[in-house]
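A.B. asks: I'm passing along work23.txt; it holds compact mmCIF, C-alpha atoms.
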# COMPACT_ATOMS: atom_id res chain seq x y z
CA MET A 8 0.00 0.00 0.00
CA ALA A 9 1.23 3.43 -0.87
CA ARG A 10 2.26 5.31 2.25
CA ASP A 11 1.95 8.76 0.66
CA ALA A 12 -1.57 8.28 -0.65
CA TRP A 13 -4.03 10.71 0.97
CA ILE A 14 -6.91 8.23 0.84
CA SER A 15 -6.21 4.51 1.10
CA ILE A 16 -7.87 1.53 2.71
CA ARG A 17 -6.09 0.69 5.98
CA GLY A 18 -3.08 2.56 4.69
CA SER A 19 -0.77 4.95 6.52
CA LEU A 20 0.09 8.60 6.11
CA SER A 21 3.39 10.37 6.36
CA ALA A 22 4.01 12.37 9.52
CA ARG A 23 3.58 15.68 7.71
CA LYS A 24 0.30 14.71 6.05
CA ALA A 25 -1.06 13.39 9.33
CA ALA A 26 -0.12 16.68 10.99
CA ILE A 27 -1.81 18.67 8.23
CA LEU A 28 -5.02 16.68 8.61
CA THR A 29 -4.91 17.07 12.40
CA LEU A 30 -4.55 20.83 12.02
CA ALA A 31 -7.29 20.92 9.39
CA SER A 32 -9.72 19.07 11.67
CA PHE A 33 -9.67 22.13 13.93
CA LEU A 34 -9.20 24.81 11.29
CA LEU A 35 -12.11 23.76 9.07
CA PRO A 36 -14.80 24.27 11.76
CA LEU A 37 -13.10 27.54 12.73
CA VAL A 38 -13.12 28.72 9.11
CA LEU A 39 -16.81 27.84 8.77
CA TRP A 40 -17.60 29.60 12.04
CA SER A 41 -15.64 32.68 10.91
CA ALA A 42 -17.36 32.73 7.52
CA ILE A 43 -20.82 32.64 9.12
CA SER A 44 -19.78 35.31 11.62
CA TYR A 45 -17.92 37.79 9.41
CA VAL A 46 -19.27 37.41 5.86
CA PRO A 47 -22.61 39.28 5.71
CA PHE A 48 -24.19 37.53 2.72
CA ILE A 49 -23.74 33.98 4.10
CA TRP A 50 -26.32 34.21 6.89
CA HIS A 51 -26.74 37.34 9.07
CA PRO A 52 -30.55 37.21 9.41
CA PHE A 53 -30.73 40.35 11.59
CA ILE A 54 -30.06 44.04 11.17
CA SER A 55 -28.15 45.93 13.85
CA VAL A 56 -29.62 49.44 13.97
CA THR A 57 -27.08 52.24 13.58
CA GLU A 58 -29.50 55.14 12.95
CA PRO A 59 -33.12 54.84 14.17
CA GLY A 60 -34.38 57.30 11.57
CA GLY A 61 -38.12 57.86 11.74
CA VAL A 62 -38.90 54.63 13.63
CA ASP A 63 -39.55 55.67 17.22
CA TYR A 64 -38.88 52.34 18.93
CA PHE A 65 -35.59 51.67 17.13
CA GLN A 66 -32.48 52.11 19.29
CA PRO A 67 -28.81 52.05 18.21
CA GLY A 68 -27.47 48.52 18.56
CA MET A 69 -30.93 46.90 18.55
CA LEU A 70 -31.19 43.68 16.56
CA ILE A 71 -34.18 43.52 14.23
CA GLU A 72 -35.07 40.73 11.84
CA ARG A 73 -34.40 41.78 8.28
CA PRO A 74 -38.00 41.49 6.99
CA ALA A 75 -39.28 43.55 9.94
CA PHE A 76 -36.53 46.14 9.46
CA ASP A 77 -37.28 46.47 5.73
CA GLU A 78 -40.98 46.86 6.47
CA GLU A 79 -40.40 49.57 9.05
CA ALA A 80 -37.95 51.34 6.74
CA ALA A 81 -40.48 51.33 3.88
CA THR A 82 -43.20 52.63 6.19
CA ALA A 83 -40.95 55.47 7.42
CA VAL A 84 -40.06 56.52 3.87
CA ALA A 85 -43.70 56.39 2.81
CA ASN A 86 -44.62 58.71 5.70
CA GLY A 87 -41.87 61.16 4.80
CA LEU A 88 -39.67 60.23 7.76
CA ALA A 89 -35.96 59.54 7.84
CA LYS A 90 -35.03 56.09 6.71
CA PRO A 91 -33.43 53.94 9.46
CA GLN A 92 -29.93 52.62 8.84
CA GLY A 93 -28.31 49.41 9.96
CA ILE A 94 -25.82 46.69 9.18
CA ARG A 95 -26.42 42.99 8.76
CA ALA A 96 -25.72 40.97 11.90
CA ASN A 97 -26.15 37.55 13.46
CA PRO A 98 -28.36 36.82 16.47
CA ILE A 99 -26.98 37.58 19.90
CA TYR A 100 -26.81 33.86 20.68
CA PHE A 101 -24.25 33.33 17.90
CA PRO A 102 -21.12 35.31 18.90
CA ALA A 103 -18.12 35.66 16.61
CA PRO A 104 -14.86 33.76 17.28
CA HIS A 105 -13.02 36.84 18.56
CA GLU A 106 -15.78 37.46 21.12
CA VAL A 107 -15.54 33.92 22.43
CA ALA A 108 -11.73 34.10 22.48
CA GLY A 109 -11.96 37.27 24.58
CA ALA A 110 -14.48 35.61 26.87
CA LEU A 111 -12.09 32.71 27.52
CA TYR A 112 -9.90 35.23 29.34
CA LYS A 113 -12.48 37.67 30.67
CA ALA A 114 -14.71 34.97 32.14
CA PHE A 115 -11.98 34.10 34.66
CA LYS A 116 -11.31 37.76 35.51
CA THR A 117 -14.88 39.02 35.70
CA PRO A 118 -16.45 38.69 39.17
CA PRO A 119 -19.97 37.22 39.43
CA ARG A 120 -22.86 39.67 39.44
CA LEU A 121 -24.11 38.50 42.82
CA PRO A 122 -21.96 37.71 45.86
CA SER A 123 -23.69 34.36 46.22
CA GLU A 124 -22.71 33.24 42.71
CA PRO A 125 -19.43 31.34 42.18
CA TRP A 126 -16.52 32.41 39.99
CA LEU A 127 -15.87 30.44 36.83
CA HIS A 128 -12.81 28.67 38.27
CA GLU A 129 -14.85 27.69 41.34
CA SER A 130 -17.59 26.28 39.11
CA LEU A 131 -15.07 24.31 37.07
CA TRP A 132 -13.37 22.84 40.14
CA HIS A 133 -16.73 21.84 41.57
CA SER A 134 -17.69 20.04 38.36
CA ILE A 135 -14.33 18.26 38.18
CA LYS A 136 -14.89 16.91 41.70
CA ILE A 137 -18.35 15.67 40.69
CA ILE A 138 -16.89 13.88 37.67
CA PHE A 139 -14.06 12.41 39.74
CA TRP A 140 -16.23 10.90 42.46
CA GLY A 141 -18.92 9.69 40.09
CA PHE A 142 -16.42 7.91 37.86
CA VAL A 143 -14.30 6.54 40.72
CA LEU A 144 -17.32 5.03 42.45
CA SER A 145 -18.53 3.59 39.16
CA SER A 146 -15.12 2.07 38.46
CA LEU A 147 -14.76 0.61 41.94
CA VAL A 148 -17.91 -1.42 41.39
CA GLY A 149 -18.15 -1.71 37.61
CA ILE A 150 -14.64 -2.93 36.79
CA PRO A 151 -14.61 -5.91 39.20
CA THR A 152 -18.16 -6.79 38.16
CA GLY A 153 -17.20 -6.65 34.48
CA ILE A 154 -14.13 -8.82 35.05
CA LEU A 155 -16.21 -11.43 36.87
CA CYS A 156 -18.86 -11.40 34.13
CA GLY A 157 -16.23 -11.81 31.42
CA THR A 158 -14.54 -14.68 33.24
CA VAL A 159 -17.13 -16.65 35.19
CA PRO A 160 -20.29 -17.70 33.27
CA PHE A 161 -22.24 -17.86 36.56
CA PHE A 162 -21.81 -14.13 37.15
CA ALA A 163 -22.40 -13.34 33.48
CA ARG A 164 -25.78 -15.07 33.42
CA LEU A 165 -26.72 -13.63 36.80
CA THR A 166 -25.76 -10.01 36.04
CA GLU A 167 -25.65 -9.18 32.36
CA PRO A 168 -29.36 -9.65 31.48
CA PHE A 169 -30.38 -7.03 34.06
CA VAL A 170 -27.48 -4.75 33.09
CA GLU A 171 -28.49 -5.02 29.42
CA PHE A 172 -32.02 -3.97 30.40
CA PHE A 173 -30.99 -1.16 32.73
CA ARG A 174 -28.46 0.47 30.38
CA TYR A 175 -31.29 1.51 28.06
CA LEU A 176 -32.96 3.49 30.83
CA PRO A 177 -31.97 7.18 30.57
CA ALA A 178 -29.97 8.36 33.57
CA PRO A 179 -31.71 11.78 33.68
CA ALA A 180 -35.01 10.00 34.35
CA PHE A 181 -33.69 9.18 37.83
CA GLY A 182 -32.99 12.84 38.65
CA ALA A 183 -36.11 13.46 40.74
CA LEU A 184 -35.68 10.12 42.53
CA CYS A 185 -32.04 10.87 43.31
CA VAL A 186 -32.99 14.25 44.78
CA ALA A 187 -35.73 12.68 46.89
CA VAL A 188 -33.37 10.04 48.28
CA LEU A 189 -30.02 11.86 48.41
CA GLY A 190 -30.97 15.51 48.85
CA ILE A 191 -30.32 18.58 46.70
CA TYR A 192 -26.55 18.91 46.95
CA ASP A 193 -23.78 16.93 45.23
CA ALA A 194 -24.92 13.39 46.00
CA PRO A 195 -27.67 13.22 43.32
CA LYS A 196 -25.26 14.56 40.69
CA ILE A 197 -22.71 11.89 41.54
CA ALA A 198 -25.47 9.29 41.47
CA ILE A 199 -26.58 10.29 37.97
CA ILE A 200 -23.02 10.05 36.65
CA PHE A 201 -22.72 6.68 38.38
CA ILE A 202 -25.93 5.43 36.75
CA GLY A 203 -24.89 6.76 33.36
CA THR A 204 -21.48 5.04 33.37
CA PHE A 205 -21.74 1.96 35.61
CA PHE A 206 -23.95 -0.23 33.43
CA GLN A 207 -22.04 0.61 30.27
CA GLN A 208 -18.80 -0.02 32.13
CA VAL A 209 -19.82 -3.51 33.21
CA LEU A 210 -20.59 -4.55 29.64
CA VAL A 211 -17.49 -2.96 28.13
CA VAL A 212 -15.15 -4.51 30.70
CA SER A 213 -16.91 -7.87 30.40
CA ASN A 214 -16.43 -7.83 26.64
CA THR A 215 -12.75 -6.93 27.04
CA THR A 216 -12.22 -9.68 29.63
CA SER A 217 -13.85 -12.31 27.46
CA LYS A 218 -11.18 -11.74 24.80
CA VAL A 219 -8.43 -13.30 26.95
CA GLU A 220 -7.16 -16.31 25.03
CA MET A 221 -8.50 -19.60 26.38
CA ALA A 222 -5.13 -21.21 25.71
CA LEU A 223 -3.55 -19.03 28.39
CA LEU A 224 -6.15 -20.07 30.94
CA GLU A 225 -5.76 -23.75 30.06
CA ALA A 226 -1.98 -23.51 30.27
CA ALA A 227 -2.18 -21.89 33.71
CA GLN A 228 -4.61 -24.55 34.91
CA THR A 229 -2.30 -27.26 33.61
CA LEU A 230 0.50 -25.75 35.67
CA GLY A 231 -1.68 -25.94 38.77
CA ALA A 232 -2.89 -22.35 39.07
CA SER A 233 -5.79 -21.84 41.45
CA LYS A 234 -8.86 -19.79 40.58
CA LYS A 235 -7.48 -16.84 42.49
CA LYS A 236 -4.17 -16.99 40.64
CA LEU A 237 -5.97 -17.35 37.33
CA MET A 238 -7.63 -13.99 38.01
CA THR A 239 -4.60 -12.19 39.45
CA ARG A 240 -1.81 -13.71 37.32
CA VAL A 241 -3.51 -14.36 33.97
CA VAL A 242 -6.81 -12.55 33.43
CA ILE A 243 -6.04 -9.14 34.94
CA PRO A 244 -2.49 -8.85 33.48
CA GLY A 245 -3.90 -9.98 30.13
CA ILE A 246 -6.50 -7.21 29.96
CA ILE A 247 -4.82 -4.41 31.91
CA VAL A 248 -3.83 -2.38 28.84
CA ASP A 249 -7.22 -2.70 27.15
CA LEU A 250 -8.90 -2.04 30.48
CA TYR A 251 -6.98 1.21 30.80
CA ALA A 252 -8.02 2.23 27.29
CA ASP A 253 -11.66 1.37 28.06
CA SER A 254 -11.52 3.53 31.18
CA ARG A 255 -10.29 6.50 29.15
CA ILE A 256 -13.24 6.13 26.80
CA LEU A 257 -15.71 5.70 29.64
CA LEU A 258 -14.35 8.80 31.38
CA GLY A 259 -15.41 10.78 28.32
CA TRP A 260 -18.82 9.15 28.66
CA ALA A 261 -19.00 10.44 32.24
CA TRP A 262 -18.30 13.98 31.03
CA THR A 263 -21.32 13.80 28.73
CA TYR A 264 -23.54 13.18 31.74
CA LEU A 265 -22.14 16.13 33.69
CA ILE A 266 -24.47 18.75 32.24
CA VAL A 267 -27.51 16.55 32.82
CA ALA A 268 -26.39 15.71 36.36
CA GLU A 269 -25.85 19.35 37.28
CA LEU A 270 -29.33 20.32 36.17
CA VAL A 271 -30.66 18.54 39.24
CA GLY A 272 -31.27 21.08 42.01
CA THR A 273 -27.92 22.84 41.66
CA THR A 274 -26.53 26.28 42.40
CA SER A 275 -22.93 25.40 41.60
CA GLY A 276 -20.85 23.80 38.90
CA ILE A 277 -20.15 24.71 35.31
CA THR A 278 -23.75 24.06 34.28
CA TYR A 279 -24.97 26.66 36.77
CA PHE A 280 -22.45 29.12 35.36
CA ILE A 281 -23.63 28.44 31.80
CA ASN A 282 -27.28 28.83 32.77
CA GLN A 283 -26.58 32.10 34.59
CA GLN A 284 -24.62 33.55 31.68
CA ALA A 285 -27.39 32.56 29.27
CA ARG A 286 -29.91 34.26 31.57
CA TYR A 287 -27.82 37.44 31.43
CA ARG A 288 -27.62 37.02 27.63
CA ASN A 289 -23.83 36.84 27.86
CA TYR A 290 -23.50 34.21 25.16
CA PRO A 291 -19.73 34.57 24.54
CA ASN A 292 -19.23 33.34 28.11
CA VAL A 293 -21.60 30.45 27.42
CA TYR A 294 -19.56 29.34 24.41
CA ALA A 295 -16.32 29.88 26.32
CA ALA A 296 -17.49 27.67 29.21
CA ILE A 297 -18.55 24.93 26.81
CA MET A 298 -15.17 25.06 25.07
CA ILE A 299 -13.37 24.93 28.43
CA ILE A 300 -15.16 21.65 29.16
CA GLY A 301 -13.80 20.29 25.88
CA PHE A 302 -10.28 21.53 26.68
CA ILE A 303 -10.35 19.90 30.11
CA GLY A 304 -11.66 16.62 28.71
CA LEU A 305 -9.13 16.55 25.88
CA GLY A 306 -6.29 17.55 28.18
CA SER A 307 -7.12 14.87 30.73
CA ASP A 308 -7.31 12.24 27.99
CA MET A 309 -3.89 13.27 26.66
CA ILE A 310 -2.43 13.06 30.18
CA LEU A 311 -3.94 9.60 30.63
CA ALA A 312 -2.54 8.52 27.27
CA TRP A 313 0.91 9.74 28.32
CA LEU A 314 0.62 7.88 31.63
CA GLY A 315 -0.46 4.75 29.76
CA ARG A 316 2.70 4.82 27.66
CA ARG A 317 4.76 5.09 30.85
CA MET A 318 2.89 2.39 32.76
CA PHE A 319 2.81 -0.12 29.89
CA PRO A 320 6.09 0.38 28.01
CA TRP A 321 6.08 -3.22 26.75
CA GLN A 322 3.12 -2.56 24.50
CA PRO A 323 3.92 -1.84 20.83
CA ARG A 324 3.04 1.72 19.93
CA ALA A 325 0.85 2.38 16.94
CA GLY A 326 2.77 5.60 16.39
CA ALA A 327 2.71 9.11 17.71
CA SER A 328 -0.56 10.71 18.66
CA ALA A 329 -2.18 13.26 16.41
CA PHE A 330 -1.02 16.15 18.58
CA GLN A 331 2.52 14.78 18.72
CA ARG A 332 2.62 14.55 14.92
CA LEU A 333 1.31 18.10 14.69
CA THR A 334 3.94 19.39 17.11
CA ARG A 335 6.75 17.61 15.28
CA ALA A 336 5.59 18.89 11.90
CA LEU A 337 5.37 22.49 13.13
CA PHE A 338 8.41 22.66 15.43
CA GLY A 339 10.56 19.73 14.37
CA ASP A 340 11.48 16.52 16.15
CA ARG A 341 14.05 17.21 18.88
CA ARG A 342 14.83 13.54 19.22
CA ARG A 343 15.83 13.41 15.57
CA SER A 344 18.20 16.34 16.01
CA LYS A 345 19.75 14.72 19.10
CA GLY A 346 20.01 11.28 17.55
CA ALA A 347 22.93 9.51 15.95
CA GLN A 348 24.82 11.45 13.30
CA PRO A 349 25.36 9.98 9.83
CA ALA A 350 28.30 7.65 9.62
CA PRO A 351 31.44 9.27 8.19
CA ALA A 352 32.40 8.45 4.63
CA SER A 353 35.52 6.57 5.75
CA ALA A 354 33.42 4.18 7.82
CA ALA A 355 30.89 3.62 5.06
CA ALA A 356 33.50 2.97 2.38
CA PRO A 357 34.46 -0.58 3.42
CA ALA A 358 30.86 -1.64 3.51
CA SER A 359 30.27 -0.36 0.00
CA SER A 360 33.43 -2.03 -1.30
CA GLU A 361 32.42 -5.35 0.25
CA ALA A 362 29.00 -5.08 -1.36
CA ALA A 363 30.57 -4.39 -4.70
CA SER A 364 32.81 -7.45 -4.41
Just dump the structure as C-alpha cells.
C.D. replies:
Amino acid sequence: MARDAWISIRGSLSARKAAILTLASFLLPLVLWSAISYVPFIWHPFISVTEPGGVDYFQPGMLIERPAFDEEAATAVANGLAKPQGIRANPIYFPAPHEVAGALYKAFKTPPRLPSEPWLHESLWHSIKIIFWGFVLSSLVGIPTGILCGTVPFFARLTEPFVEFFRYLPAPAFGALCVAVLGIYDAPKIAIIFIGTFFQQVLVVSNTTSKVEMALLEAAQTLGASKKKLMTRVVIPGIIVDLYADSRILLGWAWTYLIVAELVGTTSGITYFINQQARYRNYPNVYAAIMIIGFIGLGSDMILAWLGRRMFPWQPRAGASAFQRLTRALFGDRRRSKGAQPAPASAAAPASSEAAS
C-alpha cells in the first residue's frame, strides 16, 4: 500500500500529512464559524440598527429581523420620515470567534454579578470533583463486576441480562428520585453520573475480559494455578492495557452526563455558570465555558494517554498521537536532532566495497 496516498484503505500517512489533517480538523470548523460570523451575505438574518431614523422604537445597537426592518424602513419613507440605517448581523446567541476568544480570558477575571454566585474557576473545580467521584465510584464497582462477568459464566448469566435492560434506561429520568433520596446537593449529581457510566462499564469490561485467550487459561490450569491466581496472574495482566483504554473512553462518557447531572437542584458547577450567563444574555461566556469543558476533557485524555505509555512500556506503539505529529511537523522533532549522526564516509567505504565485491 502506498504510504503517501491521501486516501487509502487501511493505509498509513506520512508524519507531515497526518499533521496537516490534524490541524485541518480544527481549522475547518473555525473557518466555517468565521465565515458565518464575518461574511454578511452567508447568513446574518438580523439588522443591527445604527440610525433609528423615523422609527420611534428603534435604538442604536438593537437587533431587528431583516424582513421587519425592511418593512419599518419602507413605512418610514412612505410617511416622509428619515429612513433607518443598519448593518447585517447575526443573532446575539451566535457570537463571533473573537468574542468567544476574549471571553475565555475575561470569564476568569470578571467577578460574578451576585456575591452568592461562584466564579468560573470555582464552578469548574466543583464540576471536576463531581466527575471524579462519580467515575471513581462507578469504576470501583463496575470494573470488578465486568471482570467477573467476562470470566465466570455464573456471574455473566446472573448479572448481564439485568445490566443489558438497565443500560437503556436514561440516567436523567432518575434525577427526581435521586434528589428525593439523596438531597439537593452533590450526591444526586454523583449518582446520575454513576448510573450513566456503571452499566455501560460492566458490559465494556466484560467484553474486554472475554477476549483473553483460552489457551492461556488452560496452560495456567495445567501448571496448577488456582482460581485466584488465574484472576490475578492471567486474566487481569492480560487485559490491563485494554482495560486502561476502556476507562479513558468511559471517562469521556461520564463527562457527557455532567451537564444533565448538574441540572438537578444545583446552584454550583459549570452548568450553573452556563445557565446564569445565558440568563444574562452573555453568550460569549456560554460558548467559552462549553469550550473549556472540551479543553479539560481533551487535556485529561492526553495526560492519561501519556501515563499509559509510561505504565505499559512493553506494548507496541501504533505511532505518535495526532497532537505529537502536529507538534513535530510544526516545530521539528528534537529527538531526531539529538540522535545519531550519519556515519562518516571513511566508515561507510568498506561496507560499500564489500557489497561491490
A.B. asks: Give me the residues within 12 Å of Ala89 (chain A) as a ChimeraX atom specification, counting all atoms listed in the file and dropping any in the same chain fewer than 3 places off.
C.D. replies: /A:58-63,79-86,92
A.B. asks: With C-alpha atoms retained, could you export that selection as a CSV table (one decimal), keeping the file's coordinate frame?
C.D. replies:
chain,number,residue,atom,x,y,z
A,58,GLU,CA,-29.5,55.1,13.0
A,59,PRO,CA,-33.1,54.8,14.2
A,60,GLY,CA,-34.4,57.3,11.6
A,61,GLY,CA,-38.1,57.9,11.7
A,62,VAL,CA,-38.9,54.6,13.6
A,63,ASP,CA,-39.6,55.7,17.2
A,79,GLU,CA,-40.4,49.6,9.0
A,80,ALA,CA,-38.0,51.3,6.7
A,81,ALA,CA,-40.5,51.3,3.9
A,82,THR,CA,-43.2,52.6,6.2
A,83,ALA,CA,-41.0,55.5,7.4
A,84,VAL,CA,-40.1,56.5,3.9
A,85,ALA,CA,-43.7,56.4,2.8
A,86,ASN,CA,-44.6,58.7,5.7
A,92,GLN,CA,-29.9,52.6,8.8
A.B. asks: Between CA of Lys236 (chain A) and CA of Pro160 (chain A), measure the distance and give it in Å to one decimal.
C.D. replies: 17.7 Å
A.B. asks: Please list as an NGL selection string every residue within 9 Å of Gly153 (chain A), counting only C-alpha atoms and excluding residues in the same chain fewer than 2 positions away.
C.D. replies: :A and (148-151 or 155-158 or 163 or 208-216)
A.B. asks: At most 6 Å is the cut-off: for each residue in region 12-120 of chain A with any atom that close to an atom of region 290-296 of chain A, write down the nearest atom pair and the distance in Å rounded to one decimal, counting all atoms listed in the file, chain first then increasing number, as JSON lines.
C.D. replies:
{"residue": "A:Tyr100", "atom": "CA", "partner": "A:Tyr290", "partner_atom": "CA", "distance": 5.6}
{"residue": "A:Pro102", "atom": "CA", "partner": "A:Pro291", "partner_atom": "CA", "distance": 5.9}
{"residue": "A:Glu106", "atom": "CA", "partner": "A:Pro291", "partner_atom": "CA", "distance": 6.0}
{"residue": "A:Val107", "atom": "CA", "partner": "A:Pro291", "partner_atom": "CA", "distance": 4.7}
{"residue": "A:Ala110", "atom": "CA", "partner": "A:Asn292", "partner_atom": "CA", "distance": 5.4}
{"residue": "A:Leu111", "atom": "CA", "partner": "A:Ala295", "partner_atom": "CA", "distance": 5.2}
A.B. asks: Select, from A:Ile246, A:Ile135, A:Ile99, A:Leu176, the residue with the minimum atom-to-atom distance to Ile300 (chain A), counting only C-alpha atoms.
C.D. replies: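 Under the stated criterion, the closest residue is A:Ile135.
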